[in-house]
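A.B. asks: See query-v1.txt below, with compact mmCIF, C-alpha atoms.
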```
# COMPACT_ATOMS: atom_id res chain seq x y z
CA MET A 1234 61.84 26.33 -158.03
CA VAL A 1235 61.30 22.70 -159.03
CA THR A 1236 58.25 23.68 -161.11
CA VAL A 1237 60.27 26.24 -163.08
CA PHE A 1238 63.10 23.76 -163.64
CA MET A 1239 60.73 20.99 -164.77
CA THR A 1240 58.87 23.40 -167.08
CA LEU A 1241 62.16 24.41 -168.70
CA LEU A 1242 63.43 20.84 -168.92
CA LEU A 1243 60.22 19.47 -170.45
CA GLY A 1244 60.11 22.48 -172.79
CA LEU A 1245 63.63 21.72 -174.02
CA PHE A 1246 62.78 18.05 -174.57
CA ASP A 1247 59.61 19.04 -176.44
CA LEU A 1248 61.49 21.51 -178.67
CA GLY A 1249 64.15 18.89 -179.32
CA GLN A 1250 61.54 16.34 -180.40
CA LEU A 1251 59.83 18.96 -182.59
CA ALA A 1252 63.10 19.95 -184.31
CA TYR A 1253 64.16 16.32 -184.82
CA THR A 1254 60.75 15.35 -186.20
CA GLN A 1255 60.81 18.32 -188.59
CA ALA A 1256 64.29 17.35 -189.82
CA ILE A 1257 63.27 13.72 -190.38
CA LEU A 1258 60.08 14.82 -192.16
CA ASN A 1259 61.99 17.19 -194.46
CA GLY A 1260 64.41 14.44 -195.51
CA ALA A 1261 61.69 11.83 -195.91
CA VAL A 1262 59.57 14.14 -198.08
CA GLN A 1263 62.50 14.96 -200.35
CA GLU A 1264 63.26 11.25 -200.74
CA ALA A 1265 59.61 10.36 -201.41
CA ALA A 1266 59.20 13.19 -203.92
CA ARG A 1267 62.29 12.08 -205.82
CA THR A 1268 61.19 8.44 -205.82
CA SER A 1269 57.68 9.43 -206.98
CA SER A 1270 59.08 11.47 -209.87
CA LEU A 1271 60.58 8.37 -211.50
CA GLU A 1272 58.64 6.20 -213.93
CA THR A 1273 59.20 3.19 -211.68
CA GLY A 1274 58.30 5.12 -208.50
CA ASP A 1275 55.48 3.72 -206.37
CA ILE A 1276 53.55 6.51 -204.63
CA ALA A 1277 52.04 4.24 -201.97
CA VAL A 1278 55.46 2.89 -201.02
CA ALA A 1279 56.92 6.42 -200.90
CA ASP A 1280 54.10 7.64 -198.63
CA ALA A 1281 54.44 4.59 -196.35
CA ARG A 1282 58.19 5.23 -196.08
CA ILE A 1283 57.51 8.76 -194.79
CA THR A 1284 55.29 7.43 -192.01
CA GLU A 1285 57.89 4.79 -191.17
CA MET A 1286 60.67 7.38 -190.92
CA VAL A 1287 58.71 9.94 -188.89
CA GLN A 1288 57.57 7.28 -186.41
CA LEU A 1289 61.19 7.05 -185.27
CA SER A 1290 60.84 10.36 -183.44
CA ALA A 1291 57.05 10.62 -183.13
CA PRO A 1292 55.39 7.30 -182.29
CA GLY A 1293 51.72 7.18 -183.29
CA VAL A 1294 52.13 9.95 -185.87
CA THR A 1295 49.31 10.68 -188.32
CA VAL A 1296 50.64 11.56 -191.77
CA THR A 1297 48.58 13.21 -194.52
CA THR A 1298 49.89 13.80 -198.03
CA ASP A 1299 48.83 16.04 -200.89
CA ARG A 1300 50.16 16.03 -204.44
CA LYS A 1301 49.25 18.65 -207.01
CA SER A 1302 50.62 18.46 -210.55
CA TYR A 1303 51.22 21.27 -213.03
CA TYR A 1304 52.32 21.37 -216.68
CA ASP A 1305 55.45 23.41 -215.81
CA PHE A 1306 56.95 25.57 -213.06
CA ALA A 1307 55.24 28.75 -214.35
CA ASP A 1308 51.84 27.16 -213.70
CA VAL A 1309 52.36 26.43 -209.99
CA GLU A 1310 49.44 28.00 -208.09
CA ARG A 1311 48.37 29.94 -211.22
CA ALA A 1312 44.67 30.59 -211.91
CA GLU A 1313 43.10 29.66 -215.23
CA SER A 1314 43.04 32.54 -217.73
CA TRP A 1315 39.90 34.67 -217.68
CA ASN A 1316 38.58 38.05 -218.75
CA ASP A 1317 38.56 39.96 -215.44
CA ALA A 1318 36.25 42.72 -216.71
CA ASP A 1319 35.38 44.01 -213.22
CA ASN A 1320 38.98 43.78 -211.89
CA SER A 1321 37.83 41.77 -208.87
CA GLY A 1322 40.56 39.11 -209.14
CA VAL A 1323 37.84 36.43 -209.20
CA CYS A 1324 36.09 34.92 -212.19
CA ASP A 1325 32.45 35.95 -211.67
CA ASN A 1326 29.54 37.90 -213.17
CA GLY A 1327 29.59 36.06 -216.51
CA GLU A 1328 33.27 36.73 -217.25
CA THR A 1329 34.68 34.30 -219.79
CA TYR A 1330 37.51 31.91 -218.98
CA THR A 1331 39.60 29.23 -220.65
CA ASP A 1332 39.10 25.81 -219.08
CA GLU A 1333 42.74 24.78 -219.34
CA ASN A 1334 42.52 21.67 -217.17
CA GLY A 1335 39.23 20.49 -218.73
CA ASN A 1336 37.17 20.08 -215.55
CA GLY A 1337 34.28 22.30 -216.67
CA GLN A 1338 34.80 25.12 -214.17
CA TRP A 1339 37.14 28.05 -213.51
CA ASP A 1340 39.90 27.22 -211.02
CA GLU A 1341 41.85 29.63 -208.84
CA ASP A 1342 44.68 27.06 -208.89
CA ILE A 1343 45.17 25.24 -212.19
CA GLY A 1344 46.88 22.26 -210.56
CA GLU A 1345 45.37 18.81 -210.75
CA SER A 1346 45.29 16.47 -207.78
CA GLY A 1347 47.76 13.61 -208.04
CA ASN A 1348 51.25 12.88 -209.29
CA GLY A 1349 50.60 13.96 -212.88
CA SER A 1350 52.32 12.48 -215.91
CA ALA A 1351 55.70 12.60 -217.61
CA GLY A 1352 57.41 15.99 -217.37
CA ASP A 1353 54.81 17.48 -214.99
CA VAL A 1354 55.88 19.54 -211.99
CA VAL A 1355 54.55 18.12 -208.72
CA VAL A 1356 54.15 20.06 -205.47
CA TYR A 1357 54.18 17.45 -202.72
CA THR A 1358 53.09 18.53 -199.24
CA VAL A 1359 53.09 16.31 -196.15
CA THR A 1360 51.66 17.11 -192.72
CA ALA A 1361 52.51 15.04 -189.65
CA SER A 1362 50.58 15.33 -186.37
CA TYR A 1363 51.68 13.61 -183.17
CA ASP A 1364 51.35 13.68 -179.40
CA PRO A 1365 54.51 14.93 -177.67
CA LEU A 1366 56.71 12.39 -175.89
CA PHE A 1367 57.29 14.96 -173.14
CA PRO A 1368 53.97 16.72 -172.47
CA ASN A 1369 54.31 19.65 -170.12
CA PRO A 1370 51.62 19.58 -167.42
CA PHE A 1371 52.68 23.04 -166.23
CA LEU A 1372 51.53 24.75 -169.44
CA SER A 1373 47.93 24.93 -170.66
CA TRP A 1374 48.93 23.84 -174.20
CA GLY A 1375 51.68 21.46 -173.05
CA SER A 1376 49.82 18.26 -173.94
CA ASP A 1377 48.36 19.50 -177.26
CA GLN A 1378 49.16 17.64 -180.44
CA ARG A 1379 52.12 18.96 -182.44
CA THR A 1380 51.98 19.43 -186.21
CA VAL A 1381 54.87 19.77 -188.66
CA THR A 1382 54.71 20.26 -192.42
CA ALA A 1383 57.19 19.79 -195.25
CA SER A 1384 56.97 20.33 -199.00
CA ALA A 1385 58.97 19.37 -202.05
CA VAL A 1386 58.71 20.44 -205.67
CA LYS A 1387 59.97 17.99 -208.29
CA LYS A 1388 59.62 17.60 -212.04
CA ASN A 1389 58.61 14.11 -213.16
CA GLN A 1390 61.10 12.28 -215.36
CA PRO A 1391 60.25 12.53 -219.09
CA PHE A 1392 59.37 8.87 -219.54
CA ALA A 1393 56.56 9.59 -222.04
CA ASP A 1394 55.01 12.48 -223.98
CA GLN A 1395 53.62 15.18 -221.70
CA SER A 1396 49.93 15.98 -222.13
CA GLY A 1397 49.13 19.69 -222.48
CA TYR A 1398 46.31 21.89 -221.23
CA GLY A 1399 43.05 22.08 -223.15
CA SER A 1400 41.42 25.20 -224.48
CA GLU A 1401 37.68 24.89 -223.80
CA ALA A 1402 35.91 28.20 -223.14
CA GLY A 1403 33.35 28.83 -220.42
CA SER A 1404 31.44 31.54 -218.61
CA CYS A 1405 31.72 32.28 -214.88
CA THR A 1406 28.66 32.44 -212.67
```
Let's see the structure in the file written out as structure tokens.

C.D. replies:
Amino acid sequence: MVTVFMTLLLGLFDLGQLAYTQAILNGAVQEAARTSSLETGDIAVADARITEMVQLSAPGVTVTTDRKSYYDFADVERAESWNDADNSGVCDNGETYTDENGNGQWDEDIGESGNGSAGDVVVYTVTASYDPLFPNPFLSWGSDQRTVTASAVKKNQPFADQSGYGSEAGSCT
């Protein structure tokens, strides 16, 4: 009877920590994304602030961030244009493509790593991994590390002229 009660109690504490950590992460990511979208925004400071906030509920948390920039909202997770002659959904077999981001290869996702420039749309994703404060020894996975993820999509402030995509042509291998 005590084992069942302790399992339930530790499970509730664990779920509470998970929910609280997720809520803090969501808010921190929105704040960091907004700060980073300003001309005066400092990305390193914004990322450090996320870690600082999440550590309130998850001491020893490991935070990883990823920013991908796009020219506009229509480009988010869009592949570069190509002649899909074999209808495979992949640029291959010598099909021609337009190298819109100028990196010399066809990309399934046209986004560029980083915060982009003025007017760019940025997809900002943060993952936080931590050890639970209340590990449950009665469950096989009770002491495993927990992972929460949050994302934000913001458009950078138009503090300068936005650079466009190129139009180099290439051939897929």

A.B. asks: Can you tell me how far CA of Glu1328 (chain A) sits from CA of Thr1406 (chain A), in Å to one decimal?

C.D. replies: 7.8 Å

A.B. asks: Any idea what's packed within 8 Å of region 1247-1260 of chain A, counting all atoms listed in the file, ignoring anything in its chain fewer than 2 positions away? Could you give it as a list in words?

C.D. replies: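 In the requested format, the answer is Leu1243, Gly1244, Leu1245, Val1262, Gln1263, Glu1264, Ile1283, Met1286, Val1287, Ser1290, Ala1291, Ala1361, Pro1365, Leu1366, Phe1367, Pro1368, Arg1379, Val1381, Thr1382, Ala1383 and Ser1384 of chain A.
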
A.B. asks: Quick one: residues within 10 Å of Pro1370 (chain A), only C-alpha atoms, excluding same-chain residues fewer than 3 positions away - as a ChimeraX atom specification?

C.D. replies: /A:1239-1240,1243,1367,1373-1376

A.B. asks: How many Å separate CA of Ala1266 (chain A) from CA of Phe1306 (chain A)?

C.D. replies: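 Value for the CA of Ala1266 (chain A)-CA of Phe1306 (chain A) distance: 15.6 Å.
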
A.B. asks: Separation of CA of Arg1311 (chain A) and CA of Ile1276 (chain A), in Å?

C.D. replies: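 Calculated distance between CA of Arg1311 (chain A) and CA of Ile1276 (chain A) is 24.9 Å.
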
A.B. asks: Determine, counting all atoms listed in the file, which protein, DNA and RNA residues have an atom within 8 Å of an atom of Ser1302 (chain A); residues of the same chain fewer than 5 positions away are not included. Present the result as a list in words.

C.D. replies: Gly1344, Glu1345, Ser1346, Gly1347, Asn1348, Gly1349, Asp1353, Val1354, Val1355 and Val1356 of chain A

A.B. asks: Mind filling out region 1246-1270 of chain A with N, CA and C atoms and sending it as a CSV table (one decimal), in the frame of the given file?

C.D. replies:
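This went into rebuild.csv:
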```csv
chain,number,residue,atom,x,y,z
A,1246,PHE,N,63.0,19.4,-174.0
A,1246,PHE,CA,62.8,18.0,-174.6
A,1246,PHE,C,61.7,18.1,-175.7
A,1247,ASP,N,60.7,18.9,-175.4
A,1247,ASP,CA,59.6,19.0,-176.4
A,1247,ASP,C,60.1,19.7,-177.7
A,1248,LEU,N,60.9,20.8,-177.5
A,1248,LEU,CA,61.5,21.5,-178.7
A,1248,LEU,C,62.5,20.6,-179.4
A,1249,GLY,N,63.2,19.8,-178.7
A,1249,GLY,CA,64.2,18.9,-179.3
A,1249,GLY,C,63.4,17.9,-180.2
A,1250,GLN,N,62.3,17.3,-179.6
A,1250,GLN,CA,61.5,16.3,-180.4
A,1250,GLN,C,60.9,17.0,-181.6
A,1251,LEU,N,60.4,18.2,-181.5
A,1251,LEU,CA,59.8,19.0,-182.6
A,1251,LEU,C,60.9,19.2,-183.7
A,1252,ALA,N,62.1,19.7,-183.3
A,1252,ALA,CA,63.1,20.0,-184.3
A,1252,ALA,C,63.6,18.7,-185.0
A,1253,TYR,N,63.7,17.6,-184.2
A,1253,TYR,CA,64.2,16.3,-184.8
A,1253,TYR,C,63.1,15.8,-185.8
A,1254,THR,N,61.8,15.8,-185.4
A,1254,THR,CA,60.8,15.4,-186.2
A,1254,THR,C,60.7,16.2,-187.5
A,1255,GLN,N,60.8,17.5,-187.4
A,1255,GLN,CA,60.8,18.3,-188.6
A,1255,GLN,C,62.0,18.0,-189.5
A,1256,ALA,N,63.1,17.7,-189.0
A,1256,ALA,CA,64.3,17.4,-189.8
A,1256,ALA,C,64.1,16.0,-190.5
A,1257,ILE,N,63.6,15.0,-189.8
A,1257,ILE,CA,63.3,13.7,-190.4
A,1257,ILE,C,62.2,13.9,-191.5
A,1258,LEU,N,61.1,14.6,-191.2
A,1258,LEU,CA,60.1,14.8,-192.2
A,1258,LEU,C,60.6,15.5,-193.4
A,1259,ASN,N,61.4,16.5,-193.3
A,1259,ASN,CA,62.0,17.2,-194.5
A,1259,ASN,C,62.8,16.2,-195.3
A,1260,GLY,N,63.6,15.4,-194.7
A,1260,GLY,CA,64.4,14.4,-195.5
A,1260,GLY,C,63.5,13.4,-196.2
A,1261,ALA,N,62.6,12.9,-195.4
A,1261,ALA,CA,61.7,11.8,-195.9
A,1261,ALA,C,60.9,12.3,-197.1
A,1262,VAL,N,60.4,13.6,-197.0
A,1262,VAL,CA,59.6,14.1,-198.1
A,1262,VAL,C,60.4,14.3,-199.3
A,1263,GLN,N,61.6,14.8,-199.2
A,1263,GLN,CA,62.5,15.0,-200.4
A,1263,GLN,C,62.8,13.6,-201.0
A,1264,GLU,N,63.0,12.6,-200.2
A,1264,GLU,CA,63.3,11.2,-200.7
A,1264,GLU,C,62.0,10.7,-201.4
A,1265,ALA,N,60.9,10.9,-200.8
A,1265,ALA,CA,59.6,10.4,-201.4
A,1265,ALA,C,59.3,11.1,-202.7
A,1266,ALA,N,59.5,12.4,-202.7
A,1266,ALA,CA,59.2,13.2,-203.9
A,1266,ALA,C,60.1,12.8,-205.1
A,1267,ARG,N,61.3,12.5,-204.8
A,1267,ARG,CA,62.3,12.1,-205.8
A,1267,ARG,C,61.9,10.7,-206.3
A,1268,THR,N,61.6,9.8,-205.4
A,1268,THR,CA,61.2,8.4,-205.8
A,1268,THR,C,59.9,8.5,-206.7
A,1269,SER,N,59.0,9.3,-206.3
A,1269,SER,CA,57.7,9.4,-207.0
A,1269,SER,C,57.8,10.1,-208.4
A,1270,SER,N,58.9,10.8,-208.6
A,1270,SER,CA,59.1,11.5,-209.9
A,1270,SER,C,59.6,10.5,-210.9
```
